[in-house]
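Participant: Structure provided below as C-alpha cells; questions to follow.
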Amino acid sequence: MTEAINLAREKMEAGAGGPFGAIIARDGVIIARGWNQVTSTNDPTAHAEIVCIRNACAALKSFDLTGYELFINCEPCPMCLAAAYWARLARIIYGADHNDAAAVGFADAFIYQELALDKDHRNLPMQQLMHKEARQGLTLWLNMEKRIPY
C-alpha cells in the first residue's frame with residue numbers, strides 16, 4: 001500500500017495526472033504499477049487501476065489475473081471496479097474511500113446512482129438500434145471453433 005500511495009503522490013506532483021496510484025502483486029512481489037494518466041494522455045479511461053491492470057496483463061501475457069491483488073490508494077470508481085472483476089483479481093486493498101475522493105472533487109456516487117436506474121431514466125440517453133443484426137455477430141462468435149472465452 002505504501003508503494004501505491006507514494007506512486008500516486010510522485011506522479012501527481014510530476015504532472016502526470018490525478019492523485020491515484022495502483023500496484024498489482026502476488027505473494028508480496030509487485031508485477032505492475034499504474035498511476036492516473038487522464039490529464040497527461042487526454043484519456044478519460046486512464047485511471048491508475050486501468051493502467052495497472054493493462055501493465056500487469058502485458059507483463060504476464062494474459063488477460064487473467066487470478067490470484068493477484070490490486071493495491072490502490074483510493075477506493076475504485078465503477079469503471080475500475082468492473083475492470084477488476086473482468087481481470088479476475090483476487091482482492092482489492094484500498095486506502096482512502098469514495099467519500100474522501102468526493103470531498104476533493106471525484107464524485108463517483110453519481111455513476112453508481114445512474115447504474116442503479118433503469119436505462120430509460122439515466123442522464124445519458126441510450127438507444128437500441130439494429131438489434132437483430134448485432135446479435136448475428138454475437139452468435140457467430142459463439143459458434144467459432146477457435147474462440148477464446150473470457
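So you can find residues: chains in the C-alpha cells are A, B, ... in the order shown, residues in each start at 1, and ligands are numbered from 1 in order.
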Step one, run DSSP on the backbone; step two, keep only residues of segment 70-145 of chain A assigned to helix (DSSP H, G or I); then write them as a PyMOL selection string.
Facilitator: chain A and resi 78-87+98-103+109-116+119-121+131-143
Participant: Against segment 120-124 of chain A, which residues of segment 88-116 of chain A fall within 10 Å? For each one I want the closest pair of atoms and the distance in Å (one decimal), counting only C-alpha atoms, rows by chain and increasing residue number, as CSV.
Facilitator:
residue,atom,partner,partner_atom,distance
A:Ile111,CA,A:Arg122,CA,9.8
A:Gln113,CA,A:Arg122,CA,9.1
A:Glu114,CA,A:Arg122,CA,5.8
A:Leu115,CA,A:Arg122,CA,8.0
A:Ala116,CA,A:Arg122,CA,9.1
Participant: Tell me which of A:Asp27, A:Glu10, A:Glu3, A:Asp118 sits closest to Ile72 of chain A, counting only C-alpha atoms.
Facilitator: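 Using only C-alpha atoms, Ile72 of chain A sits closest to A:Glu3.
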Participant: How many Å lie between atom CA of Leu7 of chain A and atom CA of Gly21 of chain A, rounded to one decimal?
Facilitator: 5.4 Å
Participant: Got a sec: who's within 6 Å of Gln37 of chain A, counting only C-alpha atoms, leaving out chain neighbours fewer than 5 positions off, as an NGL selection string?
Facilitator: :A and (16-17 or 46)
